[in-house]
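For reference, the structure is listed below as structure tokens.
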Amino acid sequence: MKKIILVAGARPNFMKIAPIIRELKAQSSKFEAKKNLAYVLVHTGQHYDYEMSQAFFEELGIPKPDYYLGVGSDSHAVQTANIMVKFEAVCLKEMPDMVVVVGDVNSTIAAGLVAKKLHIKLAHVEAGLRSRDRQMPEEINRLATDAITDLFFTTEDDGTQNLLAEGHAKDSVCFVGHVMIDNLFYQLGKIGDADAVSLSVRSLKECLPEKYLCMTLHRPSNVDDSRVLTRLMETVNEIAKGVPIIFPCHPRTRSRIEEFGLGDLFIEKGAALAPVSNGIVMMDPLNYNDFLYLWKDCAVMLTDSGGLQEETTALGVPCLTLRQNTERPVTVEVGTNILIGNDMGKLRLEVNKVLNGKKKNGRIPDLWDGKASERIVGHILRYLEESSS
Ligand code: UD1
């Protein structure tokens with residue numbers, strides 16, 4: 001019997017781990033009959049607020065983790081080190097054949113390092129993405145994780161080409177599509193259920209006009225510098241004079257907004273019970289389905305998130321990315337994504353274009369078909385069988 005440990009830690013990991021677990025569960029009777037695969041789920045606790053963590057476990061159908069490491073927030077070094085110390089104890093107890101990490105957060109590299117130092121095989125889901133911006137903590141996590149990974153799962157050809165150019169063996173790189181999109185399609189199928197979306201979000205949507213925008217913002221490069229955040233928020237506030245902007249706010253961003261005295265630029269959600277024709281409507285982070293219910297019909301998404309660049313491309317929603325670069329170029333090359341950088345003139349122009357009916361059309365990238373997790377589980381099984389034979 002082979003054993004794998006799956007690791008999740010921060011909000012964007014949960015959408016990626018959910019479909020893999022669903023696939024493992026769907027195949028579990030086969031695994032039991034063949035006595036070939038068992039899995040253990042570890043949540044590092046990098047994200048711990050209810051809205052940032054448990055809410056996602058509940059609605060995405062992720063089982064209670066076998067281990068919760070409870071590391072919480074701290075500096076990068078302390079957070080990464082705490083995950084390593086606690087995850088090492090789990091690995092020593094479970095002695096897995098493989099550790100599977102997803103994405104590019106601190107939990108990804110921390111768990112990866114522990115696995116490799118214990119000579120455990122490492123698989124990386126969403127491997128090979130490169131922004132070439134080493135100021136981004138995620139880029140360091142991506143580079144370092146891929147440097148020690150044994151089995152790579154890529155979401156787009158660019159990821160595959162990056163790994164091959166970095167010298168990784170062709171047969172270690174599997175282009176499988178995107179588990180994030182598996183999750184998106186699955187949740188989209190559920191969103192019509194009466195209890196899938198909260199009453200408050202349903203009534204908020206009823207208060208919105210046909211055209212509205214959504215926005216998310218949390219990158220240190222956008223929110224940690226008061227001049228950058230102020231300029232961005234002032235521009236967005238100007239845009240919001242003509243169209244409402246729904247803004248579920250990451251805890252990091254909310255604390256910067258308070259620190260920089262920008263709170264007056266927003267309508268808090270409590271005030272949005274009557275028709276909303278303009279203004280930035282700020283609220284706590286939303287759970288997955290509530291936000292999906294809002295953004296799937298929005299005119300434009302303004303974001304600095306990685307996942308939303310991809311999800312908007314998958315649903316054909318225009319996306320303006322508030323970053324200079326993207327590690328997910330397929331969203332720009334074939335999808336609906338446009339990079340804005342910090343050019344506020346371009347931001348105004350592109351929003352106006354979409355509001356005036358000139359949106360960028362895209363297509364769904366190859367293999368973003370809802371079946372990535374099925375391919376991943378198949379590859380893992382084959383890999384483990386071959387490496388033990
Ligand atoms: C992390 C990931 C980032 C990902 C983002 C999604 C790293 C390096 N960054 O960034 O790639 O896009 O998650 O959200 O791993 N906080 C809370 N409650 C929480 C979690 C965080 O209040 O549940 C606050 C704390 O003040 C904390 C800050 O947010 O210091 C930042 O949290 P952290 O996990 O360090 O990074 P994120 O900015 O969330």
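By convention here, the chains of the structure tokens are called A, B, ... in the order presented, each chain's residues are numbered starting at 1, and ligands are numbered starting at 1 in the order presented.
Using only C-alpha atoms and all ligand atoms, we find that the residues with an atom at most 7 Å from any atom of ligand 1 are Ala10, Arg11, Pro12, Gln46, His47, Tyr48, Asp49, Met52, Ser53, Ser73, Asp74, His76, Asp104, Val105, Asn106, Ser107, Pro137, Glu138, His218, Arg219, Pro220, His250, Pro251, Arg252, Ser305 and Gly306 of chain A.
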DSSP-assigned strand (DSSP E) members of region 71-260 of chain A, reported as number ranges by chain: A: 98-102, 121-125, 151-154, 173-175, 213-216, 245-248
Where does region 161-252 of chain A meet region 283-291 of chain A within 6 Å, residue by residue, with the nearest atom pair and distance in Å to one decimal for each, counting only C-alpha atoms, listed by chain and rising number, as a Markdown table?
| residue | atom | partner | partner_atom | distance |
| --- | --- | --- | --- | --- |
| A:Val197 | CA | A:Asp290 | CA | 5.2 |
| A:Pro248 | CA | A:Pro285 | CA | 4.7 |
| A:Cys249 | CA | A:Pro285 | CA | 5.2 |
| A:His250 | CA | A:Pro285 | CA | 5.7 |
Sel. of helix (DSSP H, G or I) residues, region 147-284 of chain A, as JSON, numbers by chain: {"A": [147, 148, 157, 158, 159, 160, 161, 162, 163, 164, 165, 170, 171, 172, 179, 180, 181, 182, 183, 184, 185, 186, 187, 188, 189, 190, 199, 200, 201, 202, 203, 204, 205, 206, 220, 221, 222, 223, 226, 227, 228, 229, 230, 231, 232, 233, 234, 235, 236, 237, 238, 239, 251, 252, 253, 254, 255, 256, 257, 258, 259, 263, 264, 265, 269, 270, 271]}
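Each of A:Gly370, A:Pro63, A:Pro275, A:Pro318 was compared to Gly357 (chain A) using only C-alpha atoms, and A:Pro318 turns out to be the nearest.
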Region 336-338 of chain A environment, 8 Å, only C-alpha atoms, sequence neighbours closer than 4 positions dropped, as a VMD selection string: chain A and resid 309 312 to 313 316 to 321 331 to 332 360 to 363
Using the selection just defined, write its residues with all heavy atoms as a compact mmCIF listing (two decimals), in the first residue's frame.
# COMPACT_ATOMS: atom_id res chain seq x y z
N GLN A 309 -7.34 35.34 -12.29
CA GLN A 309 -6.97 35.56 -13.70
C GLN A 309 -7.38 34.34 -14.53
O GLN A 309 -7.84 34.46 -15.66
CB GLN A 309 -5.45 35.74 -13.85
CG GLN A 309 -4.90 37.00 -13.21
CD GLN A 309 -3.38 37.01 -13.29
OE1 GLN A 309 -2.79 36.86 -14.35
NE2 GLN A 309 -2.73 37.17 -12.15
N THR A 312 -11.51 33.72 -14.42
CA THR A 312 -12.25 34.62 -15.31
C THR A 312 -12.06 34.19 -16.77
O THR A 312 -13.01 34.21 -17.55
CB THR A 312 -11.81 36.09 -15.11
OG1 THR A 312 -10.38 36.13 -15.09
CG2 THR A 312 -12.37 36.68 -13.85
N THR A 313 -10.84 33.77 -17.11
CA THR A 313 -10.61 33.26 -18.47
C THR A 313 -11.50 32.04 -18.74
O THR A 313 -12.11 31.92 -19.80
CB THR A 313 -9.11 32.91 -18.66
OG1 THR A 313 -8.44 34.11 -19.07
CG2 THR A 313 -8.89 31.86 -19.73
N GLY A 316 -14.94 33.34 -19.37
CA GLY A 316 -15.07 34.40 -20.37
C GLY A 316 -15.41 35.76 -19.79
O GLY A 316 -15.95 36.63 -20.49
N VAL A 317 -15.06 35.99 -18.51
CA VAL A 317 -15.31 37.29 -17.88
C VAL A 317 -14.06 38.17 -18.07
O VAL A 317 -12.94 37.72 -17.80
CB VAL A 317 -15.59 37.10 -16.36
CG1 VAL A 317 -15.64 38.43 -15.63
CG2 VAL A 317 -16.88 36.33 -16.16
N PRO A 318 -14.21 39.41 -18.54
CA PRO A 318 -13.04 40.28 -18.70
C PRO A 318 -12.30 40.49 -17.37
O PRO A 318 -12.94 40.68 -16.33
CB PRO A 318 -13.64 41.61 -19.18
CG PRO A 318 -14.96 41.25 -19.75
CD PRO A 318 -15.46 40.07 -18.97
N CYS A 319 -10.96 40.43 -17.43
CA CYS A 319 -10.17 40.58 -16.21
C CYS A 319 -9.06 41.60 -16.45
O CYS A 319 -8.35 41.52 -17.45
CB CYS A 319 -9.56 39.22 -15.85
SG CYS A 319 -8.50 39.26 -14.40
N LEU A 320 -8.95 42.57 -15.57
CA LEU A 320 -7.85 43.54 -15.63
C LEU A 320 -6.95 43.26 -14.43
O LEU A 320 -7.38 43.38 -13.28
CB LEU A 320 -8.40 44.97 -15.60
CG LEU A 320 -9.38 45.32 -16.73
CD1 LEU A 320 -9.89 46.75 -16.59
CD2 LEU A 320 -8.73 45.12 -18.10
N THR A 321 -5.72 42.87 -14.72
CA THR A 321 -4.83 42.43 -13.65
C THR A 321 -3.92 43.57 -13.21
O THR A 321 -3.17 44.14 -14.01
CB THR A 321 -4.02 41.20 -14.10
OG1 THR A 321 -4.94 40.14 -14.32
CG2 THR A 321 -3.00 40.77 -13.07
N THR A 331 -3.55 33.16 -19.88
CA THR A 331 -4.76 33.96 -19.65
C THR A 331 -4.74 35.25 -20.48
O THR A 331 -5.79 35.78 -20.82
CB THR A 331 -4.92 34.33 -18.16
OG1 THR A 331 -3.77 35.10 -17.75
CG2 THR A 331 -5.06 33.10 -17.28
N VAL A 332 -3.51 35.73 -20.79
CA VAL A 332 -3.39 36.93 -21.62
C VAL A 332 -3.38 36.54 -23.10
O VAL A 332 -4.04 37.15 -23.93
CB VAL A 332 -2.10 37.71 -21.27
CG1 VAL A 332 -1.89 38.89 -22.20
CG2 VAL A 332 -2.13 38.16 -19.82
N LYS A 360 -12.62 42.07 -24.44
CA LYS A 360 -11.68 41.15 -25.08
C LYS A 360 -12.27 39.75 -25.04
O LYS A 360 -12.61 39.25 -23.97
CB LYS A 360 -10.36 41.19 -24.30
CG LYS A 360 -9.30 40.26 -24.84
CD LYS A 360 -8.05 40.26 -23.96
CE LYS A 360 -7.03 39.25 -24.47
NZ LYS A 360 -6.01 38.93 -23.50
N ASN A 361 -12.40 39.12 -26.20
CA ASN A 361 -12.93 37.76 -26.20
C ASN A 361 -11.78 36.78 -26.07
O ASN A 361 -10.68 37.04 -26.54
CB ASN A 361 -13.70 37.49 -27.49
CG ASN A 361 -15.02 38.25 -27.49
OD1 ASN A 361 -15.73 38.26 -26.48
ND2 ASN A 361 -15.32 38.90 -28.58
N GLY A 362 -12.04 35.67 -25.43
CA GLY A 362 -10.98 34.66 -25.29
C GLY A 362 -11.56 33.29 -25.51
O GLY A 362 -12.74 33.13 -25.81
N ARG A 363 -10.68 32.29 -25.35
CA ARG A 363 -11.19 30.91 -25.37
C ARG A 363 -10.63 30.17 -24.16
O ARG A 363 -9.69 30.66 -23.51
CB ARG A 363 -10.81 30.21 -26.68
CG ARG A 363 -9.33 29.93 -26.81
CD ARG A 363 -9.01 28.91 -27.91
NE ARG A 363 -7.57 28.79 -28.10
CZ ARG A 363 -6.78 27.97 -27.39
NH1 ARG A 363 -7.28 27.21 -26.45
NH2 ARG A 363 -5.48 27.93 -27.62
Find the nearest atom pair between each residue of region 270-313 of chain A and region 222-232 of chain A for residues within 12 Å, count only C-alpha atoms, give distances in Å to one decimal, sort rows by chain and ascending number, and present the table as a Markdown table.
| residue | atom | partner | partner_atom | distance |
| --- | --- | --- | --- | --- |
| A:Leu302 | CA | A:Leu232 | CA | 11.1 |
| A:Thr303 | CA | A:Asn222 | CA | 10.4 |
| A:Asp304 | CA | A:Asn222 | CA | 8.2 |
| A:Ser305 | CA | A:Asn222 | CA | 11.1 |
Residues near region 200-205 of chain A, cut-off 12 Å, only C-alpha atoms, skip fewer than 5 positions along chain, as a VMD selection string: chain A and resid 191 to 192 194 to 195 210 to 214 244 to 246 248 268 to 277 281 to 284 286 to 298
Restricted to C-alpha atoms, what would the selected residues look like written as a PDB file, in the first residue's frame?
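This went into result20.pdb:
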ATOM      1  CA  ILE A 191     -24.452  27.221  -7.261  1.00  0.00           C
ATOM      2  CA  GLY A 192     -28.117  26.854  -8.230  1.00  0.00           C
ATOM      3  CA  ALA A 194     -30.946  26.811  -2.574  1.00  0.00           C
ATOM      4  CA  ASP A 195     -28.374  26.762   0.235  1.00  0.00           C
ATOM      5  CA  GLU A 210     -26.881  44.949 -14.708  1.00  0.00           C
ATOM      6  CA  LYS A 211     -23.331  46.285 -14.966  1.00  0.00           C
ATOM      7  CA  TYR A 212     -21.087  46.157 -11.938  1.00  0.00           C
ATOM      8  CA  LEU A 213     -17.411  45.392 -11.263  1.00  0.00           C
ATOM      9  CA  CYS A 214     -15.705  43.072  -8.785  1.00  0.00           C
ATOM     10  CA  PRO A 244     -20.626  49.875  -8.319  1.00  0.00           C
ATOM     11  CA  ILE A 245     -17.552  47.832  -7.420  1.00  0.00           C
ATOM     12  CA  ILE A 246     -17.899  44.827  -5.133  1.00  0.00           C
ATOM     13  CA  PRO A 248     -14.392  41.531  -0.617  1.00  0.00           C
ATOM     14  CA  GLU A 268     -19.483  49.056   4.018  1.00  0.00           C
ATOM     15  CA  LYS A 269     -21.703  46.172   3.027  1.00  0.00           C
ATOM     16  CA  GLY A 270     -24.254  46.895   5.750  1.00  0.00           C
ATOM     17  CA  ALA A 271     -25.216  50.002   3.814  1.00  0.00           C
ATOM     18  CA  ALA A 272     -25.872  48.065   0.602  1.00  0.00           C
ATOM     19  CA  LEU A 273     -29.390  46.875   1.254  1.00  0.00           C
ATOM     20  CA  ALA A 274     -30.981  49.398  -1.073  1.00  0.00           C
ATOM     21  CA  PRO A 275     -30.228  49.639  -4.832  1.00  0.00           C
ATOM     22  CA  VAL A 276     -26.541  50.375  -5.401  1.00  0.00           C
ATOM     23  CA  SER A 277     -25.749  52.452  -8.460  1.00  0.00           C
ATOM     24  CA  VAL A 281     -18.874  48.213  -1.651  1.00  0.00           C
ATOM     25  CA  MET A 282     -16.343  46.750   0.772  1.00  0.00           C
ATOM     26  CA  MET A 283     -16.961  43.603   2.815  1.00  0.00           C
ATOM     27  CA  ASP A 284     -15.114  40.830   4.655  1.00  0.00           C
ATOM     28  CA  LEU A 286     -16.458  36.043   0.911  1.00  0.00           C
ATOM     29  CA  ASN A 287     -16.580  32.287   0.767  1.00  0.00           C
ATOM     30  CA  TYR A 288     -16.107  30.647  -2.621  1.00  0.00           C
ATOM     31  CA  ASN A 289     -19.676  30.261  -3.853  1.00  0.00           C
ATOM     32  CA  ASP A 290     -20.832  33.651  -2.630  1.00  0.00           C
ATOM     33  CA  PHE A 291     -18.063  35.363  -4.537  1.00  0.00           C
ATOM     34  CA  LEU A 292     -18.505  33.171  -7.611  1.00  0.00           C
ATOM     35  CA  TYR A 293     -22.221  34.032  -7.620  1.00  0.00           C
ATOM     36  CA  LEU A 294     -21.285  37.701  -7.783  1.00  0.00           C
ATOM     37  CA  TRP A 295     -18.298  37.719 -10.116  1.00  0.00           C
ATOM     38  CA  LYS A 296     -19.537  35.263 -12.780  1.00  0.00           C
ATOM     39  CA  ASP A 297     -21.919  37.981 -13.991  1.00  0.00           C
ATOM     40  CA  CYS A 298     -19.762  41.048 -13.421  1.00  0.00           C
TER      41      CYS A 298
END
All residues 8 Å or closer to Tyr39 (chain A), only C-alpha atoms, same chain fewer than 4 positions away omitted, as a list in words: Lys3, Ile4, Ile5 and Leu6 of chain A
Spatial neighbours of Ala8 (chain A), max dist 10 Å, only C-alpha atoms, sep filter under 6 positions, as a VMD selection string: chain A and resid 14 to 18 41 to 47 65 68 100 to 103 105 107 to 108 111
Two-atom distance - CA of Val125 (chain A), CA of Glu156 (chain A) (Å):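 Here the two named atoms are 11.7 Å from each other.
Residue nearest Ala147 (chain A) within the list A:His168, A:His119, A:Gly242, A:Gly159: A:His168 [criterion: smallest interatomic distance, only C-alpha atoms].
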Counting only C-alpha atoms, the residue of A:Glu126, A:Glu333, A:Glu234, A:Glu94 that sits nearest Ile376 (chain A): A:Glu126
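Near Phe31 (chain A), within a cut-off of 12 Å and counting only C-alpha atoms, sit the residues Met1, Lys2, Lys3, Glu23, Leu24, Lys25, Ala26, Gln27, Lys35, Asn36, Leu37, Ala38, Tyr39, Val377, Gly378 and Leu381 of chain A, with same-chain residues fewer than 4 positions away left out.
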